[in-house]
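*Asks:* Got coords.cif for you, mmCIF, C-alpha atoms and all ligand atoms:
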```cif
data_final
loop_
_atom_site.label_atom_id
_atom_site.label_comp_id
_atom_site.auth_asym_id
_atom_site.auth_seq_id
_atom_site.Cartn_x
_atom_site.Cartn_y
_atom_site.Cartn_z
CA MET A 3 -46.11 36.79 64.53
CA THR A 4 -47.65 35.51 61.30
CA THR A 5 -49.09 38.09 58.95
CA THR A 6 -50.89 37.58 55.70
CA THR A 7 -50.34 39.07 52.29
CA SER A 8 -53.08 41.13 50.67
CA ARG A 9 -54.07 38.03 48.70
CA GLY A 10 -54.39 35.86 51.78
CA GLY A 11 -51.07 33.96 51.69
CA VAL A 12 -48.83 33.68 54.73
CA ALA A 13 -46.29 36.50 54.71
CA ILE A 14 -42.59 35.78 55.09
CA ASP A 15 -40.74 37.75 57.72
CA CYS A 16 -38.11 39.53 55.59
CA GLY A 17 -36.76 42.16 57.97
CA HIS A 18 -33.70 40.20 59.10
CA LEU A 19 -32.65 39.57 55.47
CA VAL A 20 -31.62 43.20 54.93
CA ARG A 21 -28.97 44.79 57.12
CA ASP A 22 -27.42 48.21 56.73
CA ASP A 23 -24.42 46.91 54.80
CA ARG A 24 -25.53 43.57 53.31
CA VAL A 25 -28.52 41.63 52.06
CA HIS A 26 -29.18 37.92 52.19
CA THR A 27 -28.68 35.80 49.06
CA SER A 28 -32.20 34.42 49.38
CA LEU A 29 -33.44 37.80 48.09
CA TYR A 30 -32.30 36.66 44.62
CA LYS A 31 -33.52 33.08 44.86
CA ASP A 32 -36.56 32.47 47.03
CA PRO A 33 -39.77 32.24 44.93
CA ALA A 34 -41.87 33.00 48.02
CA ILE A 35 -39.99 36.26 48.55
CA PHE A 36 -40.54 37.07 44.86
CA ASP A 37 -44.31 36.56 45.23
CA GLN A 38 -44.32 38.79 48.26
CA GLU A 39 -42.42 41.48 46.31
CA LEU A 40 -45.08 41.48 43.61
CA ASP A 41 -47.69 41.89 46.29
CA ARG A 42 -46.06 44.32 48.70
CA ILE A 43 -43.90 46.35 46.34
CA PHE A 44 -45.25 46.28 42.79
CA ARG A 45 -48.93 46.35 43.82
CA ASN A 46 -48.28 48.92 46.51
CA THR A 47 -46.40 51.81 45.00
CA TRP A 48 -46.04 54.03 41.94
CA VAL A 49 -44.76 52.01 38.99
CA TRP A 50 -43.56 53.63 35.76
CA VAL A 51 -45.63 52.56 32.75
CA ALA A 52 -44.83 54.89 29.84
CA HIS A 53 -43.65 58.31 28.70
CA GLU A 54 -46.33 60.77 27.58
CA SER A 55 -44.87 60.77 24.06
CA ASP A 56 -45.83 57.08 23.81
CA VAL A 57 -49.47 58.20 23.81
CA PRO A 58 -49.17 61.56 22.04
CA LYS A 59 -52.76 62.05 20.87
CA ALA A 60 -56.35 61.05 21.64
CA ASN A 61 -56.94 57.32 21.11
CA THR A 62 -53.25 56.39 21.06
CA PHE A 63 -52.15 53.58 23.34
CA LYS A 64 -49.19 51.60 24.55
CA THR A 65 -49.18 48.25 26.34
CA SER A 66 -47.08 47.99 29.47
CA TRP A 67 -46.84 46.29 32.87
CA VAL A 68 -47.37 47.03 36.53
CA GLY A 69 -45.31 44.31 38.16
CA ASN A 70 -46.48 41.12 36.45
CA GLN A 71 -49.87 42.51 35.45
CA PRO A 72 -50.37 43.59 31.83
CA VAL A 73 -51.87 47.03 31.31
CA ILE A 74 -52.81 49.36 28.48
CA VAL A 75 -51.89 53.03 28.73
CA THR A 76 -54.36 55.16 26.75
CA ARG A 77 -55.21 58.80 26.14
CA ASP A 78 -58.83 59.85 25.66
CA LYS A 79 -60.37 62.80 23.80
CA THR A 80 -60.18 65.02 26.89
CA ASP A 81 -56.42 64.33 27.10
CA THR A 82 -56.86 62.21 30.20
CA ILE A 83 -54.44 59.31 30.47
CA HIS A 84 -55.82 55.96 31.63
CA VAL A 85 -54.00 52.82 32.73
CA LEU A 86 -56.28 49.80 32.31
CA LEU A 87 -55.74 46.18 33.20
CA ASN A 88 -55.36 44.32 29.92
CA ARG A 89 -57.91 41.69 30.87
CA CYS A 90 -61.38 41.28 29.44
CA ARG A 91 -64.10 41.28 32.09
CA HIS A 92 -65.81 38.31 30.41
CA ARG A 93 -63.35 35.46 30.57
CA ALA A 94 -60.03 37.29 31.02
CA ALA A 95 -58.57 37.35 27.51
CA SER A 96 -56.11 40.18 26.92
CA VAL A 97 -57.89 42.78 24.81
CA CYS A 98 -54.80 44.29 23.18
CA GLU A 99 -51.58 42.62 22.07
CA LYS A 100 -50.01 45.45 20.09
CA LYS A 101 -47.07 47.36 21.56
CA LYS A 102 -48.40 50.74 20.50
CA GLY A 103 -50.97 52.18 18.19
CA LYS A 104 -54.10 54.20 17.66
CA SER A 105 -57.59 52.93 18.32
CA SER A 106 -60.78 54.33 19.79
CA VAL A 107 -61.93 50.92 20.94
CA PHE A 108 -60.48 47.63 22.18
CA VAL A 109 -62.43 44.64 20.93
CA CYS A 110 -61.76 41.42 22.80
CA PRO A 111 -60.79 38.85 20.17
CA TYR A 112 -62.46 35.97 22.02
CA HIS A 113 -66.20 36.80 22.13
CA GLY A 114 -66.17 40.39 20.97
CA TRP A 115 -66.86 42.47 24.07
CA SER A 116 -65.62 45.97 23.28
CA TYR A 117 -64.24 48.71 25.50
CA GLY A 118 -63.56 52.42 25.09
CA VAL A 119 -60.14 53.98 25.74
CA ASP A 120 -61.36 54.93 29.22
CA GLY A 121 -62.09 51.24 29.84
CA ALA A 122 -65.90 51.54 29.68
CA LEU A 123 -67.65 48.44 28.37
CA ARG A 124 -69.40 49.53 25.19
CA LYS A 125 -70.88 46.46 23.53
CA VAL A 126 -71.60 42.85 24.35
CA PRO A 127 -72.45 40.76 21.27
CA HIS A 128 -75.78 38.92 21.49
CA ALA A 129 -76.44 40.37 24.92
CA SER A 130 -79.95 38.92 24.93
CA GLY A 131 -78.40 35.48 25.53
CA TYR A 132 -77.85 36.44 29.17
CA GLN A 133 -80.74 35.91 31.59
CA SER A 134 -80.24 39.45 32.75
CA GLU A 135 -78.22 41.70 30.49
CA PRO A 136 -74.72 42.46 31.81
CA GLU A 137 -74.59 45.62 33.90
CA LYS A 138 -72.17 47.49 31.65
CA ALA A 139 -71.20 50.12 34.21
CA GLU A 140 -69.91 47.38 36.51
CA LEU A 141 -67.86 45.64 33.86
CA SER A 142 -65.38 48.28 32.71
CA LEU A 143 -61.75 47.30 32.34
CA VAL A 144 -60.14 47.74 35.75
CA SER A 145 -58.63 51.21 35.88
CA LEU A 146 -55.55 52.09 37.94
CA ARG A 147 -54.76 55.38 39.61
CA VAL A 148 -52.53 57.43 37.28
CA GLU A 149 -50.31 60.45 37.87
CA THR A 150 -47.58 62.02 35.76
CA TYR A 151 -44.49 64.05 36.41
CA ASN A 152 -42.60 65.89 33.65
CA GLY A 153 -43.79 63.47 30.98
CA MET A 154 -43.31 60.29 32.97
CA ILE A 155 -46.50 58.28 33.55
CA PHE A 156 -46.84 56.21 36.71
CA ALA A 157 -49.70 53.99 37.85
CA THR A 158 -50.64 52.28 41.08
CA PHE A 159 -53.26 49.90 42.39
CA LYS A 160 -53.42 51.88 45.64
CA ASP A 161 -55.81 54.74 46.27
CA ASP A 162 -54.42 55.52 49.68
CA ILE A 163 -50.70 56.05 49.06
CA GLU A 164 -49.08 59.47 48.74
CA PRO A 165 -49.37 61.55 45.56
CA LEU A 166 -46.67 60.82 42.96
CA VAL A 167 -44.88 64.14 43.56
CA ASP A 168 -44.46 63.28 47.23
CA PHE A 169 -43.24 59.79 46.39
CA LEU A 170 -40.63 61.22 44.00
CA GLY A 171 -39.57 63.95 46.46
CA PRO A 172 -35.99 65.12 45.83
CA ALA A 173 -35.84 62.91 42.71
CA LYS A 174 -38.02 65.50 40.93
CA LYS A 175 -35.07 67.89 40.59
CA TRP A 176 -33.11 65.19 38.77
CA ILE A 177 -36.04 64.29 36.49
CA ASP A 178 -36.23 67.98 35.52
CA LEU A 179 -32.50 68.03 34.77
CA PHE A 180 -32.82 64.80 32.77
CA MET A 181 -35.56 66.27 30.60
CA LYS A 182 -33.26 69.12 29.54
CA GLN A 183 -32.09 66.64 26.92
CA GLY A 184 -34.97 67.98 24.89
CA ALA A 185 -32.62 70.94 24.23
CA GLY A 186 -35.56 73.31 24.20
CA PHE A 187 -37.73 70.88 22.24
CA GLY A 188 -39.90 68.34 24.03
CA VAL A 189 -38.60 64.92 24.98
CA LYS A 190 -39.94 61.94 23.09
CA THR A 191 -39.22 58.25 22.96
CA LEU A 192 -37.42 57.26 19.76
CA GLY A 193 -37.49 53.50 19.99
CA GLU A 194 -36.73 50.66 22.30
CA HIS A 195 -35.34 47.20 22.55
CA LYS A 196 -36.13 44.51 25.02
CA PHE A 197 -34.33 41.49 26.35
CA ARG A 198 -34.50 39.13 29.28
CA PHE A 199 -31.74 37.85 31.51
CA PRO A 200 -31.89 34.81 33.77
CA GLY A 201 -31.55 36.68 37.04
CA ASN A 202 -33.45 38.49 39.76
CA TRP A 203 -34.80 42.01 39.12
CA LYS A 204 -32.88 43.52 42.02
CA ILE A 205 -29.56 42.63 40.36
CA GLN A 206 -30.46 45.11 37.64
CA LEU A 207 -31.86 47.63 40.10
CA GLU A 208 -28.47 47.65 41.83
CA ASN A 209 -26.60 48.12 38.56
CA THR A 210 -27.95 51.57 37.68
CA THR A 211 -26.04 53.34 40.42
CA ASP A 212 -23.01 51.03 40.39
CA ALA A 213 -20.08 52.98 38.91
CA TYR A 214 -17.62 50.53 40.50
CA HIS A 215 -18.23 48.03 37.69
CA PHE A 216 -17.96 50.57 34.88
CA PRO A 217 -14.22 50.53 34.04
CA ILE A 218 -14.10 46.75 34.50
CA VAL A 219 -17.22 45.49 32.73
CA HIS A 220 -17.21 48.26 30.13
CA LYS A 221 -13.55 48.05 29.15
CA THR A 222 -14.59 47.03 25.62
CA PHE A 223 -16.85 50.08 25.39
CA LEU A 224 -14.09 52.37 26.69
CA ASP A 225 -11.63 50.87 24.19
CA SER A 226 -14.07 51.66 21.38
CA LEU A 227 -14.00 55.41 22.11
CA ASP A 228 -11.67 58.15 20.99
CA ALA A 229 -9.25 59.40 23.66
CA GLU A 230 -11.27 62.52 24.54
CA THR A 231 -14.52 60.58 24.98
CA GLU A 232 -12.75 57.79 26.85
CA ASN A 233 -11.48 60.39 29.30
CA ILE A 234 -15.03 61.69 29.84
CA PHE A 235 -16.32 58.18 30.53
CA ASP A 236 -13.47 57.37 32.89
CA VAL A 237 -15.94 58.04 35.67
CA LEU A 238 -14.04 57.06 38.80
CA GLY A 239 -12.12 59.80 40.59
CA HIS A 240 -13.62 62.76 38.73
CA GLY A 241 -15.66 64.30 41.51
CA GLY A 242 -18.83 62.31 41.02
CA TRP A 243 -21.00 60.98 43.81
CA VAL A 244 -24.00 58.81 44.71
CA GLU A 245 -26.86 60.32 46.69
CA ASN A 246 -29.81 58.78 48.51
CA LEU A 247 -32.96 60.66 47.45
CA GLY A 248 -35.36 58.88 49.80
CA ASN A 249 -38.11 56.28 49.14
CA GLY A 250 -35.54 53.97 47.54
CA HIS A 251 -34.56 56.48 44.82
CA SER A 252 -30.95 57.47 44.23
CA VAL A 253 -28.77 59.35 41.79
CA MET A 254 -25.23 58.55 40.66
CA VAL A 255 -23.45 61.54 39.17
CA MET A 256 -20.67 60.25 36.94
CA ILE A 257 -19.80 63.37 34.95
CA PRO A 258 -20.46 66.46 37.09
CA ASP A 259 -19.95 68.77 34.07
CA LEU A 260 -23.02 67.20 32.46
CA ILE A 261 -25.51 67.67 35.28
CA ASP A 262 -27.18 70.75 33.86
CA LEU A 263 -27.23 70.72 30.06
CA GLU A 264 -28.15 74.41 29.97
CA ASP A 265 -24.86 75.36 31.66
CA ASN A 266 -21.66 76.09 29.70
CA LEU A 267 -23.40 76.60 26.39
CA ASP A 268 -20.53 78.86 25.30
CA ALA A 269 -17.90 76.12 25.71
CA PRO A 270 -16.10 75.05 22.52
CA ILE A 271 -17.87 72.30 20.60
CA PRO A 272 -16.03 69.00 21.23
CA ASP A 273 -14.24 67.53 18.19
CA ARG A 274 -16.40 64.43 18.18
CA PHE A 275 -19.51 66.57 17.64
CA ALA A 276 -17.97 68.88 15.00
CA ASP A 277 -19.64 67.02 12.10
CA LEU A 278 -22.97 67.07 13.90
CA ALA A 279 -22.66 70.83 14.51
CA ALA A 280 -21.90 71.38 10.81
CA GLU A 281 -24.92 69.31 9.82
CA LEU A 282 -27.16 71.25 12.19
CA VAL A 283 -25.96 74.51 10.68
CA ALA A 284 -26.67 73.09 7.22
CA GLU A 285 -30.18 72.16 8.43
CA GLY A 286 -30.62 75.88 9.09
CA HIS A 287 -30.46 76.01 12.90
CA ASP A 288 -29.11 79.11 14.61
CA ASP A 289 -25.97 79.07 16.74
CA ALA A 290 -27.85 78.92 20.07
CA THR A 291 -29.87 75.88 18.95
CA VAL A 292 -26.79 74.15 17.55
CA ARG A 293 -24.98 74.58 20.87
CA LYS A 294 -27.94 73.37 22.90
CA VAL A 295 -28.49 70.31 20.74
CA VAL A 296 -24.81 69.37 20.66
CA ARG A 297 -24.57 69.66 24.43
CA ALA A 298 -27.73 67.63 25.00
CA VAL A 299 -27.18 64.93 22.44
CA GLY A 300 -24.88 62.69 24.49
CA GLY A 301 -27.28 62.72 27.43
CA THR A 302 -26.81 63.74 31.02
CA GLY A 303 -23.87 62.81 33.21
CA PHE A 304 -25.94 60.96 35.79
CA ASN A 305 -28.10 57.89 36.34
CA LEU A 306 -31.27 58.39 38.33
CA ASN A 307 -32.78 55.26 39.83
CA LEU A 308 -36.49 55.47 40.66
CA PHE A 309 -37.61 52.64 42.90
CA PRO A 310 -38.80 50.08 41.92
CA ASN A 311 -38.72 49.82 38.14
CA VAL A 312 -37.29 52.68 36.10
CA ALA A 313 -34.02 54.49 35.62
CA CYS A 314 -33.29 57.70 33.76
CA SER A 315 -29.83 56.89 32.53
CA MET A 316 -27.73 59.25 30.42
CA ALA A 317 -29.97 59.37 27.30
CA PHE A 318 -32.48 56.58 27.82
CA PHE A 319 -35.00 55.06 30.17
CA ARG A 320 -34.19 51.65 31.51
CA VAL A 321 -37.29 49.80 32.61
CA LEU A 322 -37.27 46.51 34.46
CA ARG A 323 -40.06 44.01 34.77
CA PRO A 324 -39.93 41.16 37.24
CA VAL A 325 -40.92 37.96 35.39
CA ALA A 326 -39.87 35.25 37.83
CA VAL A 327 -37.53 35.07 40.80
CA ASP A 328 -34.71 34.32 38.35
CA GLU A 329 -35.93 36.06 35.22
CA THR A 330 -36.16 39.78 34.42
CA GLU A 331 -37.13 41.72 31.34
CA ILE A 332 -35.28 44.92 30.52
CA THR A 333 -36.45 47.58 28.08
CA HIS A 334 -34.06 50.29 26.97
CA VAL A 335 -35.97 53.26 25.59
CA ALA A 336 -33.95 55.76 23.57
CA ILE A 337 -35.14 59.34 23.96
CA GLY A 338 -34.78 62.26 21.63
CA MET A 339 -36.03 65.71 20.80
CA ASP A 340 -39.68 66.02 19.89
CA GLU A 341 -39.73 67.73 16.50
CA GLY A 342 -36.03 68.39 17.05
CA PRO A 343 -33.31 68.43 14.39
CA VAL A 344 -33.10 65.28 12.30
CA ALA A 345 -29.31 65.16 12.60
CA GLY A 346 -29.53 65.46 16.39
CA ASN A 347 -32.01 62.64 16.79
CA ARG A 348 -30.08 60.45 14.38
CA MET A 349 -26.91 61.01 16.42
CA ARG A 350 -28.87 60.13 19.56
CA LEU A 351 -29.82 56.76 18.11
CA ARG A 352 -26.28 56.03 16.92
CA LEU A 353 -24.89 56.78 20.40
CA HIS A 354 -27.63 54.64 21.92
CA GLU A 355 -26.81 51.70 19.66
CA HIS A 356 -23.13 52.08 20.43
CA PHE A 357 -23.75 51.15 24.08
CA GLN A 358 -27.15 49.45 24.16
CA GLY A 359 -28.68 46.62 22.25
CA PRO A 360 -27.51 43.22 21.07
CA MET A 361 -24.72 44.74 18.97
CA GLY A 362 -23.80 47.43 21.51
CA PHE A 363 -20.54 47.56 23.42
CA GLY A 364 -22.14 47.95 26.84
CA THR A 365 -25.38 46.11 27.52
CA PRO A 366 -24.29 42.57 26.61
CA ASP A 367 -21.38 42.92 29.04
CA ASP A 368 -23.71 44.16 31.78
CA ALA A 369 -26.09 41.26 31.14
CA GLU A 370 -23.22 38.79 31.46
CA GLY A 371 -22.38 40.29 34.85
CA TRP A 372 -26.01 40.06 36.01
CA GLU A 373 -26.33 36.44 34.88
CA ARG A 374 -23.17 35.56 36.73
CA VAL A 375 -24.49 37.06 39.95
CA GLN A 376 -27.53 34.77 39.72
CA ARG A 377 -25.38 31.73 38.87
CA GLY A 378 -22.95 32.43 41.68
CA ALA A 379 -25.79 32.99 44.11
CA ALA A 380 -26.61 29.29 43.75
CA ALA A 381 -23.53 28.62 45.87
CA GLY A 382 -23.34 29.31 49.60
CA ASP A 383 -26.95 29.67 50.66
CA ASP A 384 -25.97 31.24 53.93
CA LEU A 385 -23.66 33.90 52.45
CA TRP A 386 -24.56 37.57 52.14
CA ILE A 387 -24.35 40.09 49.30
CA MET A 388 -22.16 43.04 50.29
CA VAL A 389 -23.41 46.56 49.65
CA ASN A 390 -21.08 48.34 52.07
CA ARG A 391 -18.77 50.16 49.68
CA GLY A 392 -18.22 53.94 49.84
CA VAL A 393 -16.29 56.79 51.32
CA ASP A 394 -17.53 60.36 51.80
CA ALA A 395 -18.92 62.24 48.82
CA PRO A 396 -16.86 65.22 47.59
CA GLU A 397 -17.42 68.30 49.75
CA GLY A 398 -20.55 70.23 48.85
CA ALA A 399 -21.61 67.84 46.09
CA ALA A 400 -24.79 66.27 47.44
CA GLU A 401 -27.77 68.12 48.91
CA ALA A 402 -27.13 69.00 52.54
CA GLY A 403 -28.69 66.42 54.82
CA HIS A 404 -28.75 63.65 52.21
CA ASP A 405 -26.84 60.45 52.76
CA ALA A 406 -24.17 60.39 50.02
CA GLY A 407 -20.93 58.68 49.06
CA ASP A 408 -18.21 58.89 46.41
CA VAL A 409 -19.09 57.88 42.84
CA SER A 410 -18.20 54.23 43.40
CA ALA A 411 -20.20 53.98 46.64
CA GLU A 412 -23.02 51.48 47.07
CA THR A 413 -25.21 54.18 48.62
CA GLY A 414 -27.88 53.73 45.92
CA MET A 415 -28.18 50.02 46.62
CA ARG A 416 -28.45 50.60 50.33
CA ALA A 417 -31.18 53.18 49.68
CA ALA A 418 -33.12 50.71 47.52
CA TYR A 419 -32.78 47.83 49.99
CA GLN A 420 -33.91 49.95 52.92
CA GLN A 421 -37.05 50.85 50.94
CA TRP A 422 -37.45 47.17 50.04
CA LYS A 423 -37.26 46.31 53.73
CA ARG A 424 -39.79 48.99 54.70
CA MET A 425 -42.26 47.79 52.09
CA MET A 426 -41.74 44.06 52.65
CA THR A 427 -42.22 44.36 56.40
CA ALA A 428 -45.03 46.94 56.42
S1 LIG B 1 -63.04 36.77 27.00
FE1 LIG B 1 -63.36 38.70 26.17
S2 LIG B 1 -65.30 38.58 25.22
FE2 LIG B 1 -65.01 36.65 26.11
FE FE B 2 -22.92 48.70 33.19
#
```
Can you present the structure in this file as structure tokens?
Ligand code: FES
Ligand SMILES: [Fe+2]
*Replies:*
Amino acid sequence: MTTTTSRGGVAIDCGHLVRDDRVHTSLYKDPAIFDQELDRIFRNTWVWVAHESDVPKANTFKTSWVGNQPVIVTRDKTDTIHVLLNRCRHRAASVCEKKKGKSSVFVCPYHGWSYGVDGALRKVPHASGYQSEPEKAELSLVSLRVETYNGMIFATFKDDIEPLVDFLGPAKKWIDLFMKQGAGFGVKTLGEHKFRFPGNWKIQLENTTDAYHFPIVHKTFLDSLDAETENIFDVLGHGGWVENLGNGHSVMVMIPDLIDLEDNLDAPIPDRFADLAAELVAEGHDDATVRKVVRAVGGTGFNLNLFPNVACSMAFFRVLRPVAVDETEITHVAIGMDEGPVAGNRMRLRLHEHFQGPMGFGTPDDAEGWERVQRGAAAGDDLWIMVNRGVDAPEGAAEAGHDAGDVSAETGMRAAYQQWKRMMTA
């Protein structure tokens, strides 16, 4: 049977390309599949666009993406958050090119149409030059449906899909745990860096809950740590697990001791954080705050993958944007404590830089792995990508009734590909 995409193209039948334990290589390479993903996945579900701290006050904004469509995330005077297509209603120029900022109006640079932060068309220069003046109410910037959960802002083009909280489901518990990194303060974004790699977006999606690669790819990172920290990051065989949270979401718990950052606050302060603790005391913080901040500063011991485009990973958000079938943009957003101790937030950034970024010990090695997957996928068109790894999760670790495997299991990838299949064949 031939079906059509929502934009009228002929849909590809993708169901047979995803099996329980493997996916077809064409998922990384076929431009027609990529177009269908933009249509059926990125225009059909909740997509992460920003953290609330990116738009902290009225009239602040941040530019972002929903799939391949540029958007502006804004906050108005009533504290309502809007996600607006970044496309002038006159002749389509983008109305904002800044990453972030504060403005009560977006003036299109081409012919000067101006819009409010809620997207309403305010002014059209020389409007009398039209035979009938433009109907302003019909020419607002296109506004997407927006919902937030614990500071995370998501948008969708669809009015008829489930509320965000239902889409997140069991992932909500892990978002709540992740946000304990605020250590009693709020969570805020501290800064970000962006890069692209020449490979398909799903190669990165898979990576977030792939602990199997960690000791191999990140050997250089592990070698750069002191013995105590190296032991903590030696994630295989320490009781971790990977759990399918439904709707394509999954969590990989690497360091079970660091699931709940409010537990074990009485434990001795690790040597590597002794200087930080001393600095926090010197900043005038009480013992309880010092302990909370020290425990939270290294991030959580798990990676949460939210289908399709964002991960909450240790102490940062990792956001992916599909650019082309063989090109993906990644943004790593460091997070810290809103109005939290200076020394704590500084330490956060130093730890972030140690792993992430062009000079980090981790990300460049990951990116090399992802590029190689795409290069290798050029060979053997008829071969399949294996995602069958995993033995049982440790007893009692995962939520009863959830599909789960040991920490090196490919459970998270299988969860994501089953959601991919559901959406691509719906
Ligand atoms: S394209 Fe924006 S005013 Fe003409
Ligand atoms: Fe990695």
*Asks:* Please identify the residues whose atoms come within 7 Å of ligand LIG 1 (chain B), using all atoms listed in the file, and report them as number ranges by chain.
*Replies:* A: 90-95, 97, 110-115
*Asks:* Keeping only C-alpha atoms, write the selected residues as a PDB file, keeping the file's coordinate frame.
*Replies:*
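Just written: result.pdb:
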```
ATOM      1  CA  CYS A  90     -61.380  41.280  29.440  1.00  0.00           C
ATOM      2  CA  ARG A  91     -64.100  41.280  32.090  1.00  0.00           C
ATOM      3  CA  HIS A  92     -65.810  38.310  30.410  1.00  0.00           C
ATOM      4  CA  ARG A  93     -63.350  35.460  30.570  1.00  0.00           C
ATOM      5  CA  ALA A  94     -60.030  37.290  31.020  1.00  0.00           C
ATOM      6  CA  ALA A  95     -58.570  37.350  27.510  1.00  0.00           C
ATOM      7  CA  VAL A  97     -57.890  42.780  24.810  1.00  0.00           C
ATOM      8  CA  CYS A 110     -61.760  41.420  22.800  1.00  0.00           C
ATOM      9  CA  PRO A 111     -60.790  38.850  20.170  1.00  0.00           C
ATOM     10  CA  TYR A 112     -62.460  35.970  22.020  1.00  0.00           C
ATOM     11  CA  HIS A 113     -66.200  36.800  22.130  1.00  0.00           C
ATOM     12  CA  GLY A 114     -66.170  40.390  20.970  1.00  0.00           C
ATOM     13  CA  TRP A 115     -66.860  42.470  24.070  1.00  0.00           C
TER      14      TRP A 115
END
```
*Asks:* List as a list of chain:residue names the protein and nucleic acid residues near segment 279-291 of chain A, meaning an atom at most 10 Å away when all atoms listed in the file are counted, but skip any in the same chain fewer than 4 places from it.
*Replies:* A:Ala185, A:Gly186, A:Phe187, A:Leu267, A:Asp268, A:Ile271, A:Pro272, A:Asp273, A:Arg274, A:Phe275, A:Val295, A:Val296, A:Arg297, A:Gly342, A:Pro343, A:Val344, A:Ala345, A:Gly346
*Asks:* Pick from A:Met388, A:Ile218, A:Val327, A:Met361: nearest to ligand FE 2 (chain B), with all atoms listed in the file counted?
*Replies:*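 The shortest atom-to-atom distance to ligand FE 2 (chain B) comes from A:Ile218.
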*Asks:* Name the closest residue to ligand FE 2 (chain B) among the candidates A:Glu208, A:Glu230, A:Asp78, A:Glu264; distances are taken between atoms, counting only C-alpha atoms and all ligand atoms.
*Replies:*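 Closest candidate: A:Glu208.
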*Asks:* When you draw a straight line from atom CA of Gly248 of chain A to atom CA of Ala411 of chain A, how long is it in Å?
*Replies:*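 Taking atom CA of Gly248 of chain A and atom CA of Ala411 of chain A, their separation equals 16.2 Å.
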*Asks:* Have a look at atom CA of His354 of chain A and atom CA of Val409 of chain A and let me know their distance in Å, one decimal.
*Replies:*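 Between these atoms lies a distance of 22.8 Å.
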*Asks:* A:Asn202, A:Ser106, A:Asn209, A:Thr191: which is nearest ligand FE 2 (chain B), counting only C-alpha atoms and all ligand atoms?
*Replies:* A:Asn209
